[in-house]
Amino acid sequence: MFASEDPLDAMQAALDEMLREPVSLGSAREAAGLLRSLESCSRRLRAAQLRVQAEIDASGVYAADAHSSAKVMTRHCARLSPAAAAGRERGARMAQALPEVGDALGRGVLGIDYFDLLARVWANPRVRDHMADAQSWFLRIAARLSYRDFETEVRTWERLADDDGPEPANSRNHDNRDVRLAQD
């Protein structure tokens, strides 16, 4: 799996060391630097989780443990809620389909909330294909906008890219209806 010392063991040891003592900050500048550094680590760790999720899905190893899917295995082994496991699966698939976005998360420059918003928009099959061409734009505006403004821009983009508009709430039930007449 890894060339030399297990990086997960090294990461666990580094976290143990950091959490052993209370954090002492000398200034607001130090606090801001620590926040940025920890956030970057968190983003990169999320990218690693998504990469493992994608590999579990692609390899099919989940079946050897009697799980029906990679999402179910992740939910069980990582003790996630169904919503969190679904979000991780959606994020892993989007990161593969939108490599610039996945790479930005892996470099720690795209926030997890920004990434998750893009994954929820990507889940809309009517705009999914358009998102590949808009990756650079998403990343440019994410770098300069607050989350609230980013969400407004992305949702506006989604409405414009979705020619048909949102599906009616009951459309799946309507599409699955079938009528048969039988004489008694």
# chains A, B, ... in the order shown; residues from 1 in each chain; ligands from 1
>>> closest_atom_pairs(of="range 22-110 of chain A", to="range 117-131 of chain A", cutoff="7 Å", atoms="only C-alpha atoms", output="JSON lines")
{"residue": "A:Arg90", "atom": "CA", "partner": "A:Ala119", "partner_atom": "CA", "distance": 6.3}
{"residue": "A:Gly91", "atom": "CA", "partner": "A:Ala119", "partner_atom": "CA", "distance": 5.5}
{"residue": "A:Met94", "atom": "CA", "partner": "A:Ala119", "partner_atom": "CA", "distance": 6.0}
>>> closest_residue(among="A:Pro99, A:Met73, A:Leu105, A:Leu35", to="Ala48 in chain A", atoms="only C-alpha atoms")
A:Leu105
>>> select_by_dssp(residues="range 110-142 of chain A", states="helix (DSSP H, G or I)", output="PDB file with N, CA and C atoms, in the first residue's frame")
ATOM      1  N   ILE A 112     -14.198  22.356   1.926  1.00  0.00           N
ATOM      2  CA  ILE A 112     -15.064  21.180   1.911  1.00  0.00           C
ATOM      3  C   ILE A 112     -16.514  21.572   1.649  1.00  0.00           C
ATOM      4  N   ASP A 113     -16.988  22.647   2.263  1.00  0.00           N
ATOM      5  CA  ASP A 113     -18.368  23.072   2.030  1.00  0.00           C
ATOM      6  C   ASP A 113     -18.588  23.486   0.584  1.00  0.00           C
ATOM      7  N   TYR A 114     -17.614  24.148  -0.012  1.00  0.00           N
ATOM      8  CA  TYR A 114     -17.694  24.533  -1.417  1.00  0.00           C
ATOM      9  C   TYR A 114     -17.746  23.275  -2.290  1.00  0.00           C
ATOM     10  N   PHE A 115     -16.864  22.324  -1.975  1.00  0.00           N
ATOM     11  CA  PHE A 115     -16.820  21.061  -2.707  1.00  0.00           C
ATOM     12  C   PHE A 115     -18.156  20.329  -2.600  1.00  0.00           C
ATOM     13  N   ASP A 116     -18.697  20.247  -1.377  1.00  0.00           N
ATOM     14  CA  ASP A 116     -19.962  19.535  -1.175  1.00  0.00           C
ATOM     15  C   ASP A 116     -21.116  20.192  -1.923  1.00  0.00           C
ATOM     16  N   LEU A 117     -21.116  21.522  -1.991  1.00  0.00           N
ATOM     17  CA  LEU A 117     -22.140  22.217  -2.772  1.00  0.00           C
ATOM     18  C   LEU A 117     -22.028  21.823  -4.240  1.00  0.00           C
ATOM     19  N   LEU A 118     -20.818  21.831  -4.774  1.00  0.00           N
ATOM     20  CA  LEU A 118     -20.634  21.440  -6.170  1.00  0.00           C
ATOM     21  C   LEU A 118     -21.069  19.993  -6.390  1.00  0.00           C
ATOM     22  N   ALA A 119     -20.820  19.119  -5.416  1.00  0.00           N
ATOM     23  CA  ALA A 119     -21.243  17.725  -5.544  1.00  0.00           C
ATOM     24  C   ALA A 119     -22.771  17.608  -5.562  1.00  0.00           C
ATOM     25  N   ARG A 120     -23.453  18.423  -4.761  1.00  0.00           N
ATOM     26  CA  ARG A 120     -24.926  18.393  -4.774  1.00  0.00           C
ATOM     27  C   ARG A 120     -25.464  18.893  -6.113  1.00  0.00           C
ATOM     28  N   VAL A 121     -24.828  19.912  -6.672  1.00  0.00           N
ATOM     29  CA  VAL A 121     -25.245  20.405  -7.989  1.00  0.00           C
ATOM     30  C   VAL A 121     -24.926  19.354  -9.049  1.00  0.00           C
ATOM     31  N   TRP A 122     -23.778  18.712  -8.947  1.00  0.00           N
ATOM     32  CA  TRP A 122     -23.378  17.671  -9.890  1.00  0.00           C
ATOM     33  C   TRP A 122     -24.365  16.500  -9.867  1.00  0.00           C
ATOM     34  N   ARG A 128     -25.017  18.051 -15.109  1.00  0.00           N
ATOM     35  CA  ARG A 128     -23.750  17.339 -14.871  1.00  0.00           C
ATOM     36  C   ARG A 128     -22.757  17.531 -16.018  1.00  0.00           C
ATOM     37  N   ASP A 129     -23.202  17.339 -17.249  1.00  0.00           N
ATOM     38  CA  ASP A 129     -22.293  17.447 -18.392  1.00  0.00           C
ATOM     39  C   ASP A 129     -21.749  18.860 -18.565  1.00  0.00           C
ATOM     40  N   HIS A 130     -22.526  19.858 -18.207  1.00  0.00           N
ATOM     41  CA  HIS A 130     -22.092  21.252 -18.339  1.00  0.00           C
ATOM     42  C   HIS A 130     -21.027  21.626 -17.306  1.00  0.00           C
ATOM     43  N   MET A 131     -20.997  20.902 -16.190  1.00  0.00           N
ATOM     44  CA  MET A 131     -20.078  21.260 -15.108  1.00  0.00           C
ATOM     45  C   MET A 131     -18.613  21.054 -15.493  1.00  0.00           C
ATOM     46  N   ALA A 132     -18.342  20.081 -16.363  1.00  0.00           N
ATOM     47  CA  ALA A 132     -16.954  19.838 -16.765  1.00  0.00           C
ATOM     48  C   ALA A 132     -16.358  21.082 -17.415  1.00  0.00           C
ATOM     49  N   ASP A 133     -17.138  21.767 -18.224  1.00  0.00           N
ATOM     50  CA  ASP A 133     -16.654  22.974 -18.894  1.00  0.00           C
ATOM     51  C   ASP A 133     -16.564  24.165 -17.949  1.00  0.00           C
ATOM     52  N   ALA A 134     -17.242  24.116 -16.819  1.00  0.00           N
ATOM     53  CA  ALA A 134     -17.284  25.248 -15.892  1.00  0.00           C
ATOM     54  C   ALA A 134     -16.347  25.074 -14.691  1.00  0.00           C
ATOM     55  N   GLN A 135     -15.559  24.011 -14.657  1.00  0.00           N
ATOM     56  CA  GLN A 135     -14.699  23.743 -13.493  1.00  0.00           C
ATOM     57  C   GLN A 135     -13.801  24.921 -13.133  1.00  0.00           C
ATOM     58  N   SER A 136     -13.129  25.467 -14.108  1.00  0.00           N
ATOM     59  CA  SER A 136     -12.202  26.579 -13.838  1.00  0.00           C
ATOM     60  C   SER A 136     -12.943  27.775 -13.275  1.00  0.00           C
ATOM     61  N   TRP A 137     -14.117  28.048 -13.813  1.00  0.00           N
ATOM     62  CA  TRP A 137     -14.923  29.168 -13.319  1.00  0.00           C
ATOM     63  C   TRP A 137     -15.331  28.934 -11.868  1.00  0.00           C
ATOM     64  N   PHE A 138     -15.791  27.718 -11.557  1.00  0.00           N
ATOM     65  CA  PHE A 138     -16.172  27.403 -10.178  1.00  0.00           C
ATOM     66  C   PHE A 138     -14.999  27.665  -9.232  1.00  0.00           C
ATOM     67  N   LEU A 139     -13.816  27.218  -9.629  1.00  0.00           N
ATOM     68  CA  LEU A 139     -12.643  27.369  -8.759  1.00  0.00           C
ATOM     69  C   LEU A 139     -12.222  28.828  -8.621  1.00  0.00           C
ATOM     70  N   ARG A 140     -12.331  29.599  -9.697  1.00  0.00           N
ATOM     71  CA  ARG A 140     -11.983  31.027  -9.616  1.00  0.00           C
ATOM     72  C   ARG A 140     -12.905  31.762  -8.653  1.00  0.00           C
ATOM     73  N   ILE A 141     -14.212  31.516  -8.756  1.00  0.00           N
ATOM     74  CA  ILE A 141     -15.120  32.252  -7.876  1.00  0.00           C
ATOM     75  C   ILE A 141     -15.054  31.727  -6.441  1.00  0.00           C
ATOM     76  N   ALA A 142     -14.749  30.445  -6.273  1.00  0.00           N
ATOM     77  CA  ALA A 142     -14.604  29.902  -4.917  1.00  0.00           C
ATOM     78  C   ALA A 142     -13.435  30.562  -4.194  1.00  0.00           C
TER      79      ALA A 142
END
>>> closest_residue(among="A:Asp6, A:Ala28, A:Ala47, A:Asp163", to="Val101 in chain A", atoms="only C-alpha atoms")
A:Ala47
>>> residues_around(residues="range 18-22 of chain A", least_positions_apart="6", cutoff="12 Å", atoms="only C-alpha atoms", output="PyMOL selection string")
chain A and resi 11-12+34+38
>>> closest_residue(among="A:Ile56, A:Lys71, A:Ala64, A:Ala31", to="Ala84 in chain A", atoms="only C-alpha atoms")
A:Lys71
>>> atom_distance(atom1="CA of Arg75 in chain A", atom2="CA of Pro7 in chain A")
23.3 Å
>>> decode(residues="range 23-104 of chain A", atoms="C-alpha atoms", output="PDB file, in the first residue's frame")
ATOM      1  CA  VAL A  23      -2.877  25.177  22.073  1.00  0.00           C
ATOM      2  CA  SER A  24      -1.094  28.392  22.996  1.00  0.00           C
ATOM      3  CA  LEU A  25      -1.314  31.266  20.579  1.00  0.00           C
ATOM      4  CA  GLY A  26       0.836  34.336  20.805  1.00  0.00           C
ATOM      5  CA  SER A  27      -1.125  36.482  18.399  1.00  0.00           C
ATOM      6  CA  ALA A  28      -4.083  36.742  16.067  1.00  0.00           C
ATOM      7  CA  ARG A  29      -1.660  36.181  13.193  1.00  0.00           C
ATOM      8  CA  GLU A  30      -0.555  32.846  14.689  1.00  0.00           C
ATOM      9  CA  ALA A  31      -4.196  31.867  15.259  1.00  0.00           C
ATOM     10  CA  ALA A  32      -5.071  32.697  11.648  1.00  0.00           C
ATOM     11  CA  GLY A  33      -2.094  30.711  10.382  1.00  0.00           C
ATOM     12  CA  LEU A  34      -3.023  27.714  12.515  1.00  0.00           C
ATOM     13  CA  LEU A  35      -6.637  27.859  11.322  1.00  0.00           C
ATOM     14  CA  ARG A  36      -5.539  27.966   7.677  1.00  0.00           C
ATOM     15  CA  SER A  37      -3.082  25.121   8.151  1.00  0.00           C
ATOM     16  CA  LEU A  38      -5.578  22.878   9.951  1.00  0.00           C
ATOM     17  CA  GLU A  39      -8.241  23.620   7.337  1.00  0.00           C
ATOM     18  CA  SER A  40      -5.871  22.719   4.529  1.00  0.00           C
ATOM     19  CA  CYS A  41      -5.085  19.426   6.289  1.00  0.00           C
ATOM     20  CA  SER A  42      -8.798  18.734   6.731  1.00  0.00           C
ATOM     21  CA  ARG A  43      -9.468  19.353   3.026  1.00  0.00           C
ATOM     22  CA  ARG A  44      -6.610  17.118   1.966  1.00  0.00           C
ATOM     23  CA  LEU A  45      -7.768  14.385   4.331  1.00  0.00           C
ATOM     24  CA  ARG A  46     -11.242  14.607   2.789  1.00  0.00           C
ATOM     25  CA  ALA A  47      -9.696  14.196  -0.670  1.00  0.00           C
ATOM     26  CA  ALA A  48      -7.899  11.077   0.596  1.00  0.00           C
ATOM     27  CA  GLN A  49     -11.183   9.698   1.952  1.00  0.00           C
ATOM     28  CA  LEU A  50     -12.836  10.263  -1.420  1.00  0.00           C
ATOM     29  CA  ARG A  51      -9.946   8.596  -3.227  1.00  0.00           C
ATOM     30  CA  VAL A  52     -10.247   5.514  -1.008  1.00  0.00           C
ATOM     31  CA  GLN A  53     -14.032   5.532  -1.532  1.00  0.00           C
ATOM     32  CA  ALA A  54     -13.558   5.585  -5.310  1.00  0.00           C
ATOM     33  CA  GLU A  55     -11.017   2.750  -5.136  1.00  0.00           C
ATOM     34  CA  ILE A  56     -13.306   0.616  -2.962  1.00  0.00           C
ATOM     35  CA  ASP A  57     -16.089   1.180  -5.482  1.00  0.00           C
ATOM     36  CA  ALA A  58     -13.925   0.474  -8.547  1.00  0.00           C
ATOM     37  CA  SER A  59     -12.236  -2.622  -7.104  1.00  0.00           C
ATOM     38  CA  GLY A  60     -15.388  -4.240  -5.728  1.00  0.00           C
ATOM     39  CA  VAL A  61     -13.631  -5.280  -2.493  1.00  0.00           C
ATOM     40  CA  TYR A  62     -16.802  -4.379  -0.589  1.00  0.00           C
ATOM     41  CA  ALA A  63     -18.420  -7.615  -1.826  1.00  0.00           C
ATOM     42  CA  ALA A  64     -15.804  -9.775  -0.058  1.00  0.00           C
ATOM     43  CA  ASP A  65     -17.116  -8.421   3.238  1.00  0.00           C
ATOM     44  CA  ALA A  66     -20.741  -9.042   2.163  1.00  0.00           C
ATOM     45  CA  HIS A  67     -21.518  -5.367   1.623  1.00  0.00           C
ATOM     46  CA  SER A  68     -23.826  -4.523  -1.252  1.00  0.00           C
ATOM     47  CA  SER A  69     -21.866  -1.430  -2.314  1.00  0.00           C
ATOM     48  CA  ALA A  70     -18.900   0.773  -1.478  1.00  0.00           C
ATOM     49  CA  LYS A  71     -21.313   3.254   0.090  1.00  0.00           C
ATOM     50  CA  VAL A  72     -22.687   0.597   2.446  1.00  0.00           C
ATOM     51  CA  MET A  73     -19.183  -0.558   3.373  1.00  0.00           C
ATOM     52  CA  THR A  74     -18.118   3.015   4.094  1.00  0.00           C
ATOM     53  CA  ARG A  75     -21.238   3.680   6.148  1.00  0.00           C
ATOM     54  CA  HIS A  76     -20.631   0.545   8.192  1.00  0.00           C
ATOM     55  CA  CYS A  77     -16.838   0.668   8.635  1.00  0.00           C
ATOM     56  CA  ALA A  78     -16.566   4.439   9.153  1.00  0.00           C
ATOM     57  CA  ARG A  79     -19.783   4.523  11.218  1.00  0.00           C
ATOM     58  CA  LEU A  80     -21.361   7.247   9.085  1.00  0.00           C
ATOM     59  CA  SER A  81     -24.970   8.268   8.789  1.00  0.00           C
ATOM     60  CA  PRO A  82     -26.699   7.236   5.560  1.00  0.00           C
ATOM     61  CA  ALA A  83     -26.649  10.879   4.420  1.00  0.00           C
ATOM     62  CA  ALA A  84     -22.906  11.232   5.113  1.00  0.00           C
ATOM     63  CA  ALA A  85     -22.124   7.976   3.282  1.00  0.00           C
ATOM     64  CA  ALA A  86     -24.205   9.102   0.298  1.00  0.00           C
ATOM     65  CA  GLY A  87     -22.420  12.455   0.324  1.00  0.00           C
ATOM     66  CA  ARG A  88     -19.046  10.745   0.344  1.00  0.00           C
ATOM     67  CA  GLU A  89     -20.033   8.530  -2.579  1.00  0.00           C
ATOM     68  CA  ARG A  90     -21.377  11.524  -4.520  1.00  0.00           C
ATOM     69  CA  GLY A  91     -18.184  13.482  -3.791  1.00  0.00           C
ATOM     70  CA  ALA A  92     -15.955  10.608  -4.904  1.00  0.00           C
ATOM     71  CA  ARG A  93     -17.824  10.266  -8.177  1.00  0.00           C
ATOM     72  CA  MET A  94     -17.789  14.003  -8.808  1.00  0.00           C
ATOM     73  CA  ALA A  95     -14.047  14.220  -8.060  1.00  0.00           C
ATOM     74  CA  GLN A  96     -13.446  11.632 -10.776  1.00  0.00           C
ATOM     75  CA  ALA A  97     -15.738  13.384 -13.248  1.00  0.00           C
ATOM     76  CA  LEU A  98     -14.392  16.878 -12.453  1.00  0.00           C
ATOM     77  CA  PRO A  99     -10.656  16.343 -11.921  1.00  0.00           C
ATOM     78  CA  GLU A 100      -9.816  20.058 -11.539  1.00  0.00           C
ATOM     79  CA  VAL A 101     -12.275  20.315  -8.644  1.00  0.00           C
ATOM     80  CA  GLY A 102     -11.026  17.088  -7.053  1.00  0.00           C
ATOM     81  CA  ASP A 103      -7.421  18.251  -7.429  1.00  0.00           C
ATOM     82  CA  ALA A 104      -8.214  21.620  -5.792  1.00  0.00           C
TER      83      ALA A 104
END
